[in-house]
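A short write-up of the structure that comes next.
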Amino acid sequence: MGDEVKPTKVIDARGSFCPGPLMEMIKAYKQGKIGDVISIYSTDSGTKKDAPEWIKKSGNELIGVYDRQGYYEIVMKKIR
């Protein structure tokens, strides 16, 4: 597990429903700098699909979507 990227910012949106977690991620993206790694925790299954779609559409890098214990973690890198 040593190859996992350390997030610059972690957003804990567990318990929040779509589109809340995605809106939080977009807000962090807008406030972040190029090279930032943003991780979002969400219990909403819609985020697992919506966040990666937005990341790709926005031209940023999807690092991964992980099933954690009881929640999802979506990790992106801001490249633009």
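Just remember, in the structure tokens the first chain shown is A, the second B, etc., residues are 1-based per chain, and ligands are 1-based in the order shown.
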Using only C-alpha atoms, which protein or nucleic acid residues come within 8 Å of Phe17 (chain A)? Drop anything in the same chain fewer than 3 positions from it, and give the result as a count of residues only. 4
Identify, with DSSP run on backbone atoms, the residues in chain A assigned to strand (DSSP E), and express the list as a list in words. Lys9, Val10, Ile11, Asp12, Val37, Ile38, Ser39, Ile40, Tyr41, Ser42, Glu61, Leu62, Ile63, Gly64, Val65, Tyr66, Asp67, Tyr72, Glu73, Ile74, Val75, Met76 and Lys77 of chain A
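Of the residues under consideration (A:Ile79, A:Ile74, A:Ala13, A:Cys18), A:Ile74 shows the shortest atom-to-atom contact distance to Ile38 (chain A) when counting only C-alpha atoms.
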At a cut-off of 12 Å, using only C-alpha atoms, what residues contact Asp67 (chain A)? Leave out same-chain residues fewer than 3 positions from it and give the result as a ChimeraX atom specification. /A:40-45,47-48,64,70-75
What does the distance between CA of Ser16 (chain A) and CA of Ile34 (chain A) come to in Å, to one decimal place?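 CA of Ser16 (chain A) sits 26.7 Å away from CA of Ile34 (chain A).
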Which residues are close to Pro7 (chain A), i.e. within 10 Å by only C-alpha atoms, leaving aside same-chain residues fewer than 3 positions away? Reply as a list in words. Glu4, Val10, Ile11, Asp36, Val37, Ile38, Ser39, Ile40, Val75, Met76 and Lys77 of chain A
For the atom pair CA of Arg80 (chain A) and CA of Asn60 (chain A), what is the interatomic distance in Å to one decimal place?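 Calculated distance between CA of Arg80 (chain A) and CA of Asn60 (chain A) is 6.4 Å.
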Quote the spacing between CA of Ser58 (chain A) and CA of Gly46 (chain A) in Å to one decimal place. 18.0 Å
